[in-house]
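Enquirer: The structure file query17.cif (mmCIF, C-alpha atoms) is provided below.
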data_structure
loop_
_atom_site.group_PDB
_atom_site.id
_atom_site.type_symbol
_atom_site.label_atom_id
_atom_site.label_comp_id
_atom_site.auth_asym_id
_atom_site.auth_seq_id
_atom_site.Cartn_x
_atom_site.Cartn_y
_atom_site.Cartn_z
ATOM 1 C CA MET A 276 -25.001 7.224 22.698
ATOM 2 C CA SER A 277 -27.052 10.305 21.830
ATOM 3 C CA PHE A 278 -27.735 11.177 18.213
ATOM 4 C CA LYS A 279 -28.794 14.630 17.019
ATOM 5 C CA LYS A 280 -31.587 12.792 15.286
ATOM 6 C CA LYS A 281 -33.907 10.395 17.055
ATOM 7 C CA VAL A 282 -32.331 6.947 17.439
ATOM 8 C CA LEU A 283 -34.720 4.078 17.013
ATOM 9 C CA GLY A 284 -34.168 0.934 19.113
ATOM 10 C CA VAL A 285 -35.079 -2.117 17.083
ATOM 11 C CA SER A 286 -34.596 -5.749 18.090
ATOM 12 C CA ALA A 287 -33.930 -8.567 15.665
ATOM 13 C CA VAL A 288 -37.427 -9.899 16.289
ATOM 14 C CA ALA A 289 -39.019 -6.538 15.671
ATOM 15 C CA LEU A 290 -37.067 -6.048 12.466
ATOM 16 C CA LEU A 291 -38.285 -9.351 11.098
ATOM 17 C CA ALA A 292 -41.839 -8.822 12.347
ATOM 18 C CA VAL A 293 -42.340 -5.561 10.499
ATOM 19 C CA GLY A 294 -40.953 -7.107 7.332
ATOM 20 C CA LEU A 295 -38.628 -4.179 6.839
ATOM 21 C CA ALA A 296 -41.325 -1.706 5.974
ATOM 22 C CA ALA A 297 -38.616 0.924 6.233
ATOM 23 C CA CYS A 298 -36.954 -0.449 3.124
ATOM 24 C CA GLY A 299 -39.888 0.292 0.822
ATOM 25 C CA GLY A 300 -41.422 3.592 -0.212
ATOM 26 C CA ASP A 301 -44.807 4.711 1.140
ATOM 27 C CA LYS A 302 -47.426 3.422 -1.275
ATOM 28 C CA ASP A 303 -49.558 6.521 -0.670
ATOM 29 C CA GLU A 304 -46.818 8.902 -1.743
ATOM 30 C CA ASP A 305 -46.295 10.317 -5.211
ATOM 31 C CA THR A 306 -44.192 7.825 -7.181
ATOM 32 C CA SER A 307 -43.382 10.207 -10.012
ATOM 33 C CA LYS A 308 -39.717 10.155 -8.985
ATOM 34 C CA ASN A 309 -39.550 6.348 -8.997
ATOM 35 C CA ASP A 310 -39.196 6.319 -5.206
ATOM 36 C CA GLY A 311 -39.539 2.531 -4.907
ATOM 37 C CA ASP A 312 -36.843 1.699 -7.480
ATOM 38 C CA ALA A 313 -33.741 0.391 -5.694
ATOM 39 C CA THR A 314 -31.641 1.137 -8.769
ATOM 40 C CA GLY A 315 -33.276 4.471 -9.554
ATOM 41 C CA SER A 316 -31.917 7.979 -9.218
ATOM 42 C CA THR A 317 -30.192 9.002 -6.000
ATOM 43 C CA GLU A 318 -32.981 11.512 -5.416
ATOM 44 C CA SER A 319 -35.268 8.570 -4.550
ATOM 45 C CA ILE A 320 -32.919 6.778 -2.143
ATOM 46 C CA GLY A 321 -34.032 8.608 1.015
ATOM 47 C CA LYS A 322 -37.712 7.969 0.398
ATOM 48 C CA ALA A 323 -37.045 4.396 -0.746
ATOM 49 C CA VAL A 324 -35.499 3.494 2.624
ATOM 50 C CA ASP A 325 -37.711 5.873 4.629
ATOM 51 C CA TYR A 326 -34.602 7.884 5.595
ATOM 52 C CA LYS A 327 -33.317 5.052 7.799
ATOM 53 C CA ILE A 328 -29.875 3.534 8.226
ATOM 54 C CA THR A 329 -29.878 0.092 9.846
ATOM 55 C CA GLY A 330 -27.316 0.098 12.654
ATOM 56 C CA ILE A 331 -26.129 -2.226 15.415
ATOM 57 C CA ASP A 332 -25.731 -1.955 19.209
ATOM 58 C CA PRO A 333 -25.621 1.677 20.379
ATOM 59 C CA GLY A 334 -22.312 1.300 22.235
ATOM 60 C CA ALA A 335 -20.400 0.251 19.122
ATOM 61 C CA GLY A 336 -17.799 2.644 17.769
ATOM 62 C CA ILE A 337 -19.324 2.460 14.300
ATOM 63 C CA MET A 338 -22.501 4.009 15.704
ATOM 64 C CA GLU A 339 -20.512 6.958 17.049
ATOM 65 C CA ALA A 340 -18.948 7.340 13.602
ATOM 66 C CA THR A 341 -22.416 7.223 12.043
ATOM 67 C CA GLU A 342 -23.540 10.036 14.342
ATOM 68 C CA ARG A 343 -20.541 11.970 13.092
ATOM 69 C CA ALA A 344 -21.435 11.204 9.462
ATOM 70 C CA ILE A 345 -24.996 12.455 9.932
ATOM 71 C CA GLU A 346 -23.590 15.745 11.207
ATOM 72 C CA ASP A 347 -20.781 16.000 8.638
ATOM 73 C CA TYR A 348 -23.093 15.444 5.668
ATOM 74 C CA GLY A 349 -26.079 17.390 6.980
ATOM 75 C CA LEU A 350 -28.427 14.410 6.936
ATOM 76 C CA GLU A 351 -31.042 16.005 9.165
ATOM 77 C CA LYS A 352 -33.858 13.835 7.797
ATOM 78 C CA TRP A 353 -32.112 10.558 8.553
ATOM 79 C CA ASP A 354 -32.496 8.238 11.545
ATOM 80 C CA VAL A 355 -30.344 5.285 12.587
ATOM 81 C CA THR A 356 -31.939 2.159 14.020
ATOM 82 C CA THR A 357 -30.131 0.391 16.853
ATOM 83 C CA GLY A 358 -30.257 -3.312 17.561
ATOM 84 C CA SER A 359 -27.519 -5.892 17.103
ATOM 85 C CA GLY A 360 -25.195 -7.243 14.460
ATOM 86 C CA ALA A 361 -27.571 -10.180 13.981
ATOM 87 C CA ALA A 362 -30.543 -7.857 13.505
ATOM 88 C CA MET A 363 -28.584 -5.818 10.969
ATOM 89 C CA THR A 364 -27.633 -8.861 8.893
ATOM 90 C CA ALA A 365 -31.186 -10.232 9.104
ATOM 91 C CA ALA A 366 -32.486 -6.944 7.727
ATOM 92 C CA LEU A 367 -29.826 -6.958 5.019
ATOM 93 C CA LYS A 368 -30.653 -10.531 3.942
ATOM 94 C CA LYS A 369 -34.382 -9.827 3.794
ATOM 95 C CA ALA A 370 -33.866 -6.746 1.621
ATOM 96 C CA TYR A 371 -31.162 -8.359 -0.533
ATOM 97 C CA ASP A 372 -33.262 -11.435 -1.305
ATOM 98 C CA LYS A 373 -35.990 -9.147 -2.660
ATOM 99 C CA GLU A 374 -33.528 -6.696 -4.294
ATOM 100 C CA GLU A 375 -34.956 -3.927 -2.155
ATOM 101 C CA PRO A 376 -32.920 -0.872 -1.108
ATOM 102 C CA ILE A 377 -31.240 -0.824 2.293
ATOM 103 C CA ILE A 378 -28.362 1.040 3.927
ATOM 104 C CA VAL A 379 -26.525 -0.603 6.836
ATOM 105 C CA THR A 380 -23.594 0.146 9.068
ATOM 106 C CA GLY A 381 -20.881 -2.207 7.890
ATOM 107 C CA TRP A 382 -17.377 -3.306 8.651
ATOM 108 C CA SER A 383 -14.860 -5.656 7.158
ATOM 109 C CA PRO A 384 -13.807 -8.298 7.827
ATOM 110 C CA HIS A 385 -17.378 -9.594 7.905
ATOM 111 C CA TRP A 386 -18.972 -12.641 6.312
ATOM 112 C CA LYS A 387 -21.670 -10.590 4.583
ATOM 113 C CA PHE A 388 -19.162 -9.502 1.940
ATOM 114 C CA ALA A 389 -18.601 -13.167 1.037
ATOM 115 C CA LYS A 390 -22.335 -13.909 0.944
ATOM 116 C CA TYR A 391 -23.639 -10.821 -0.848
ATOM 117 C CA ASP A 392 -22.500 -8.397 -3.545
ATOM 118 C CA LEU A 393 -22.054 -5.237 -1.468
ATOM 119 C CA LYS A 394 -20.179 -1.952 -1.629
ATOM 120 C CA TYR A 395 -19.095 0.770 0.763
ATOM 121 C CA LEU A 396 -20.391 4.255 0.128
ATOM 122 C CA GLU A 397 -17.550 6.686 -0.484
ATOM 123 C CA ASP A 398 -16.831 8.931 2.486
ATOM 124 C CA PRO A 399 -15.200 12.139 1.207
ATOM 125 C CA GLU A 400 -15.641 13.878 4.578
ATOM 126 C CA GLY A 401 -13.711 11.099 6.337
ATOM 127 C CA SER A 402 -16.383 10.558 8.982
ATOM 128 C CA TYR A 403 -15.465 6.875 9.254
ATOM 129 C CA GLY A 404 -11.711 7.380 9.037
ATOM 130 C CA GLY A 405 -9.451 5.412 6.747
ATOM 131 C CA ALA A 406 -7.994 1.942 7.035
ATOM 132 C CA GLU A 407 -7.857 0.722 10.619
ATOM 133 C CA GLU A 408 -6.238 -2.056 12.613
ATOM 134 C CA ILE A 409 -7.567 -4.639 15.054
ATOM 135 C CA HIS A 410 -5.572 -4.560 18.293
ATOM 136 C CA THR A 411 -5.326 -7.090 21.115
ATOM 137 C CA ILE A 412 -5.938 -5.242 24.389
ATOM 138 C CA GLY A 413 -5.013 -6.662 27.794
ATOM 139 C CA ARG A 414 -5.319 -5.663 31.421
ATOM 140 C CA LEU A 415 -2.359 -4.191 33.224
ATOM 141 C CA GLY A 416 -0.186 -6.917 34.740
ATOM 142 C CA LEU A 417 -1.219 -9.587 32.229
ATOM 143 C CA LYS A 418 2.340 -9.921 30.930
ATOM 144 C CA GLU A 419 3.637 -10.757 34.387
ATOM 145 C CA ASP A 420 0.714 -12.930 35.512
ATOM 146 C CA LEU A 421 0.176 -15.002 32.351
ATOM 147 C CA SER A 422 3.444 -14.608 30.477
ATOM 148 C CA GLU A 423 2.980 -17.596 28.147
ATOM 149 C CA ALA A 424 -0.462 -16.439 26.992
ATOM 150 C CA TYR A 425 0.838 -12.906 26.648
ATOM 151 C CA GLN A 426 3.580 -14.096 24.301
ATOM 152 C CA VAL A 427 1.062 -15.890 22.087
ATOM 153 C CA LEU A 428 -1.221 -12.859 22.028
ATOM 154 C CA GLN A 429 1.713 -10.632 21.162
ATOM 155 C CA ASN A 430 2.632 -12.914 18.249
ATOM 156 C CA PHE A 431 -0.983 -13.227 17.052
ATOM 157 C CA HIS A 432 -1.453 -11.911 13.523
ATOM 158 C CA TRP A 433 -3.716 -13.108 10.725
ATOM 159 C CA THR A 434 -5.607 -11.895 7.650
ATOM 160 C CA GLU A 435 -9.141 -10.983 6.709
ATOM 161 C CA GLU A 436 -9.288 -14.152 4.590
ATOM 162 C CA ASP A 437 -8.313 -16.258 7.622
ATOM 163 C CA MET A 438 -11.071 -14.791 9.758
ATOM 164 C CA ALA A 439 -13.628 -15.001 6.960
ATOM 165 C CA LYS A 440 -13.226 -18.771 6.708
ATOM 166 C CA ILE A 441 -14.318 -19.156 10.325
ATOM 167 C CA MET A 442 -17.121 -16.597 10.046
ATOM 168 C CA VAL A 443 -18.659 -18.229 6.982
ATOM 169 C CA GLU A 444 -18.639 -21.663 8.635
ATOM 170 C CA ILE A 445 -20.367 -20.224 11.695
ATOM 171 C CA ILE A 446 -23.035 -18.414 9.694
ATOM 172 C CA ASP A 447 -23.638 -21.633 7.748
ATOM 173 C CA GLY A 448 -24.516 -23.323 11.038
ATOM 174 C CA GLU A 449 -21.275 -24.680 12.440
ATOM 175 C CA ASP A 450 -20.541 -24.355 16.159
ATOM 176 C CA PRO A 451 -18.065 -21.459 16.680
ATOM 177 C CA LYS A 452 -15.527 -23.611 18.531
ATOM 178 C CA VAL A 453 -15.668 -26.292 15.857
ATOM 179 C CA ALA A 454 -15.319 -23.742 13.041
ATOM 180 C CA ALA A 455 -12.368 -22.193 14.857
ATOM 181 C CA GLN A 456 -10.714 -25.584 15.327
ATOM 182 C CA ASN A 457 -11.239 -26.408 11.659
ATOM 183 C CA TRP A 458 -9.263 -23.304 10.751
ATOM 184 C CA ILE A 459 -6.527 -24.155 13.278
ATOM 185 C CA ASP A 460 -6.217 -27.680 11.864
ATOM 186 C CA ALA A 461 -5.832 -26.264 8.360
ATOM 187 C CA ASN A 462 -3.327 -23.604 9.431
ATOM 188 C CA GLU A 463 -0.989 -25.348 11.837
ATOM 189 C CA ASP A 464 2.034 -23.558 10.347
ATOM 190 C CA LYS A 465 0.563 -20.154 11.140
ATOM 191 C CA VAL A 466 -0.476 -21.135 14.670
ATOM 192 C CA SER A 467 2.957 -22.621 15.329
ATOM 193 C CA GLU A 468 4.495 -19.216 14.615
ATOM 194 C CA TRP A 469 2.405 -17.728 17.425
ATOM 195 C CA THR A 470 3.228 -20.508 19.882
ATOM 196 C CA ASP A 471 6.864 -21.106 18.960
ATOM 197 C CA GLY A 472 8.986 -21.424 22.118
ATOM 198 C CA VAL A 473 5.987 -20.991 24.443
ATOM 199 C CA GLU A 474 5.882 -23.485 27.292
ATOM 200 C CA LYS A 475 2.669 -25.246 28.225
ATOM 201 C CA VAL A 476 0.897 -24.403 31.485
ATOM 202 C CA ASP A 477 -1.174 -26.466 33.893
ATOM 203 C CA GLY A 478 -4.719 -25.144 34.067
ATOM 204 C CA ASP A 479 -4.034 -21.421 34.513
ATOM 205 C CA THR A 480 -7.220 -19.421 33.895
ATOM 206 C CA ILE A 481 -7.461 -16.644 31.316
ATOM 207 C CA LYS A 482 -10.649 -14.622 30.854
ATOM 208 C CA PHE A 483 -11.680 -13.302 27.439
ATOM 209 C CA VAL A 484 -14.418 -10.731 27.005
ATOM 210 C CA TYR A 485 -16.058 -10.114 23.641
ATOM 211 C CA VAL A 486 -18.970 -8.525 21.801
ATOM 212 C CA ALA A 487 -21.219 -10.732 19.652
ATOM 213 C CA TRP A 488 -19.846 -9.292 16.421
ATOM 214 C CA ASP A 489 -19.171 -12.056 13.914
ATOM 215 C CA SER A 490 -15.531 -11.058 13.542
ATOM 216 C CA THR A 491 -14.929 -11.072 17.291
ATOM 217 C CA VAL A 492 -16.756 -14.361 17.824
ATOM 218 C CA ALA A 493 -14.429 -15.907 15.240
ATOM 219 C CA SER A 494 -11.200 -14.526 16.665
ATOM 220 C CA THR A 495 -12.082 -15.165 20.320
ATOM 221 C CA ASN A 496 -13.076 -18.791 19.770
ATOM 222 C CA MET A 497 -9.999 -19.402 17.664
ATOM 223 C CA MET A 498 -7.595 -17.959 20.244
ATOM 224 C CA ALA A 499 -9.424 -19.750 23.067
ATOM 225 C CA ASN A 500 -8.761 -23.061 21.302
ATOM 226 C CA VAL A 501 -5.098 -22.188 20.790
ATOM 227 C CA LEU A 502 -4.592 -21.355 24.463
ATOM 228 C CA GLU A 503 -6.529 -24.401 25.632
ATOM 229 C CA ASP A 504 -4.078 -26.519 23.632
ATOM 230 C CA LEU A 505 -1.327 -24.895 25.714
ATOM 231 C CA GLY A 506 -3.021 -25.959 28.942
ATOM 232 C CA TYR A 507 -5.027 -22.844 29.810
ATOM 233 C CA LYS A 508 -8.540 -22.906 31.187
ATOM 234 C CA VAL A 509 -10.279 -20.279 29.035
ATOM 235 C CA GLU A 510 -13.370 -18.390 30.155
ATOM 236 C CA MET A 511 -15.312 -16.283 27.641
ATOM 237 C CA SER A 512 -17.915 -13.669 28.546
ATOM 238 C CA GLN A 513 -20.143 -11.907 26.009
ATOM 239 C CA VAL A 514 -20.942 -8.255 26.732
ATOM 240 C CA GLU A 515 -21.532 -4.963 24.906
ATOM 241 C CA ALA A 516 -18.696 -2.772 23.644
ATOM 242 C CA GLY A 517 -18.510 -0.405 26.628
ATOM 243 C CA PRO A 518 -18.548 -3.137 29.274
ATOM 244 C CA MET A 519 -15.976 -5.054 27.234
ATOM 245 C CA TYR A 520 -13.420 -2.280 27.675
ATOM 246 C CA THR A 521 -14.494 -1.629 31.257
ATOM 247 C CA ALA A 522 -13.964 -5.279 32.212
ATOM 248 C CA VAL A 523 -10.389 -5.317 30.920
ATOM 249 C CA ALA A 524 -9.647 -1.918 32.422
ATOM 250 C CA ASP A 525 -10.826 -2.909 35.904
ATOM 251 C CA GLY A 526 -9.177 -6.334 35.732
ATOM 252 C CA SER A 527 -12.320 -8.450 35.867
ATOM 253 C CA ALA A 528 -11.320 -9.761 32.424
ATOM 254 C CA ASP A 529 -7.856 -10.348 31.022
ATOM 255 C CA VAL A 530 -8.059 -9.594 27.326
ATOM 256 C CA LEU A 531 -10.193 -8.513 24.379
ATOM 257 C CA LEU A 532 -9.394 -9.135 20.721
ATOM 258 C CA ALA A 533 -11.614 -6.422 19.214
ATOM 259 C CA GLY A 534 -9.705 -3.166 19.599
ATOM 260 C CA TRP A 535 -10.533 -1.312 16.361
ATOM 261 C CA LEU A 536 -8.121 1.629 16.181
ATOM 262 C CA PRO A 537 -7.357 4.438 15.727
ATOM 263 C CA ILE A 538 -10.910 5.706 15.040
ATOM 264 C CA THR A 539 -13.647 3.195 15.881
ATOM 265 C CA HIS A 540 -12.752 2.639 19.553
ATOM 266 C CA LYS A 541 -10.890 5.882 20.099
ATOM 267 C CA THR A 542 -13.335 7.001 22.798
ATOM 268 C CA TYR A 543 -12.837 3.837 24.857
ATOM 269 C CA MET A 544 -9.061 3.892 24.520
ATOM 270 C CA GLU A 545 -8.919 7.527 25.604
ATOM 271 C CA LYS A 546 -11.221 6.839 28.550
ATOM 272 C CA PHE A 547 -9.181 3.890 29.836
ATOM 273 C CA GLU A 548 -5.793 4.855 28.396
ATOM 274 C CA ASP A 549 -3.826 4.348 31.608
ATOM 275 C CA LYS A 550 -5.569 1.087 32.517
ATOM 276 C CA LEU A 551 -5.022 -0.926 29.332
ATOM 277 C CA ASP A 552 -2.095 -2.691 27.687
ATOM 278 C CA ASP A 553 -2.093 -2.456 23.883
ATOM 279 C CA ILE A 554 -0.498 -5.856 23.275
ATOM 280 C CA GLY A 555 -0.259 -5.757 19.501
ATOM 281 C CA VAL A 556 -1.935 -5.609 16.087
ATOM 282 C CA SER A 557 -3.637 -8.779 14.890
ATOM 283 C CA MET A 558 -4.926 -7.450 11.549
ATOM 284 C CA GLU A 559 -4.364 -4.433 9.302
ATOM 285 C CA ASP A 560 -6.487 -2.658 6.687
ATOM 286 C CA VAL A 561 -9.866 -3.224 8.305
ATOM 287 C CA LYS A 562 -12.665 -0.792 7.553
ATOM 288 C CA ILE A 563 -15.992 0.621 8.722
ATOM 289 C CA GLY A 564 -18.606 2.667 6.890
ATOM 290 C CA LEU A 565 -22.039 2.656 5.299
ATOM 291 C CA VAL A 566 -22.745 -0.343 3.090
ATOM 292 C CA VAL A 567 -25.360 -0.960 0.396
ATOM 293 C CA PRO A 568 -26.100 -3.772 -2.066
ATOM 294 C CA SER A 569 -24.250 -3.240 -5.351
ATOM 295 C CA TYR A 570 -27.571 -3.144 -7.242
ATOM 296 C CA MET A 571 -28.336 0.249 -5.665
ATOM 297 C CA ASP A 572 -27.554 3.257 -7.844
ATOM 298 C CA ILE A 573 -25.649 5.180 -5.198
ATOM 299 C CA ASN A 574 -21.918 5.535 -4.610
ATOM 300 C CA SER A 575 -21.285 8.150 -1.932
ATOM 301 C CA ILE A 576 -22.680 9.259 1.420
ATOM 302 C CA GLU A 577 -23.012 12.660 -0.223
ATOM 303 C CA ASP A 578 -25.701 11.139 -2.447
ATOM 304 C CA LEU A 579 -27.934 10.803 0.615
ATOM 305 C CA LYS A 580 -28.342 14.572 0.749
ATOM 306 C CA GLU A 581 -31.351 16.037 -1.020
#
Output the structure of this file as C-alpha cells.

Expert:
Amino acid sequence: MSFKKKVLGVSAVALLAVGLAACGGDKDEDTSKNDGDATGSTESIGKAVDYKITGIDPGAGIMEATERAIEDYGLEKWDVTTGSGAAMTAALKKAYDKEEPIIVTGWSPHWKFAKYDLKYLEDPEGSYGGAEEIHTIGRLGLKEDLSEAYQVLQNFHWTEEDMAKIMVEIIDGEDPKVAAQNWIDANEDKVSEWTDGVEKVDGDTIKFVYVAWDSTVASTNMMANVLEDLGYKVEMSQVEAGPMYTAVADGSADVLLAGWLPITHKTYMEKFEDKLDDIGVSMEDVKIGLVVPSYMDINSIEDLKE
C-alpha cells in the first residue's frame, strides 16, 4: 500500500518501547497554543499527536480508506503508522490510561468500544463510506464439495453484541476457542437456527483463513466450534488481508468470515470477483473510520486541517 505521505512501519514492541512519544507535543516547541492539552483547541491536535494516525497492517482495507481520507481532507502534514491491530490497541490503551491525545484507525464491532469511552470522527467527505456489512466469502465449488457446511455458513447471522461478548472474554485473557464455546453454550437457540436440518458429517476437512483482527478471531473460532460439533475437522490459518483473499480465490482455503463490504474490501473483491462465492451477510451496520478518546476536543476529520 503506498501513501502519498510517508508510511511509518511500527511494530507492537516498538510502539511500547518508545512510550508513544508521538502522542505528546515536543517539549522544545512553543506551548502558547496549549499544544499538549488533549482537550484543548483543535488547532493544537496535530502538534499534540505529532501529526500521526496510529494504523494497523498495511494490507487492511481501512488503511486504503485512510490514504483516501488524507487526500480528501488535504492532510499533507499527516503520517499513518503501520503495525497490527494489537499494536494499535496497545498504543490506544497507553494513551487512554494517561488521558493523552491519540488518533487511531478504528472499526466496530471491536472490544475497544466496550473498554474505553471512544468516538468516531465525523467524515463529511465520505472517505470511509457509510454503514457496511460483514460477508462470508467462500471458494468456488464449496457449495458442492461441503454442502452441509455451506448451508450453515449461508444461515450464519449474528449481531455486534454477540461478537463483542466473545471479544471481551478473549481480551480479558480467555482462550479464543473457550470464549467462543461459552457464547455458543449461552446461545444455543441462535446456533440451532443456523444448523437446523443440517446433517452431521464424518471428519470432512474445512479450511478457514483469517486475519488477526479481534472481530475475525472471534467469528472464526466460534464458527469452527459450530462446524466441529457437526463432525468437521476444521483447520484455521492466520494470514494478512491480501493473502486471506488470495487463499480463498485460489482454493488453498475454503472460506473467510471477514468480508467487509462494499467499501473496505472493495479492492480485493474486484480483483478476485470471478473466483469467489459471496455466501451471505453475517452482520449489518458495521463501520470503519478514525477514532479518538471522547475526552479529546475534536469531532470531525475536517478538524485535523490547519

Enquirer: Please build the interface table for region 421-540 of chain A against region 545-564 of chain A with a cut-off of 6 Å, listing for each qualifying residue the nearest atom pair and the distance in Å to one decimal; count only C-alpha atoms, order rows by chain and increasing number, and write it as CSV.

Expert:
residue,atom,partner,partner_atom,distance
A:Gln429,CA,A:Gly555,CA,5.5
A:Phe431,CA,A:Ser557,CA,5.6
A:His432,CA,A:Ser557,CA,4.1
A:Trp433,CA,A:Met558,CA,5.8
A:Thr434,CA,A:Met558,CA,6.0
A:Ala524,CA,A:Lys550,CA,5.1

Enquirer: Quote the spacing between CA of Leu565 (chain A) and CA of Glu407 (chain A) in Å to one decimal place.

Expert: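 Taking CA of Leu565 (chain A) as the start and CA of Glu407 (chain A) as the end point, the length is 15.3 Å.
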
Enquirer: Select, from A:Val324, A:Ala335, A:Ala365, A:Ile573, the residue with the minimum atom-to-atom distance to Ala487 (chain A), counting all atoms listed in the file.

Expert: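 Under the stated criterion, the closest residue is A:Ala335.
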
Enquirer: Could you tell me which residues the PyMOL selection byres ((chain A and resi 536-539) around 10) returns for this structure, as an MDAnalysis selection string?

Expert: chainID A and resid 335:340 402:410 533:535 540:544 556 559 561:563

Enquirer: How many Å lie between CA of Arg414 (chain A) and CA of His385 (chain A), rounded to one decimal?

Expert: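 Distance between the two atoms: 26.7 Å.
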
Enquirer: Enter the distance from CA of Tyr485 (chain A) to CA of Tyr425 (chain A), in Å, rounded to one decimal.

Expert: 17.4 Å

Enquirer: Please provide the set of residues having any atom within 9 Å of Asp489 (chain A), restricted to only C-alpha atoms, with same-chain residues fewer than 4 positions apart removed, written as a PyMOL selection string.

Expert: chain A and resi 360-361+384-386+442+445-446+493-494

Enquirer: From the list A:Tyr348, A:Trp488, A:Phe483, A:Tyr570, which residue is nearest Met363 (chain A) when using only C-alpha atoms?

Expert: A:Trp488
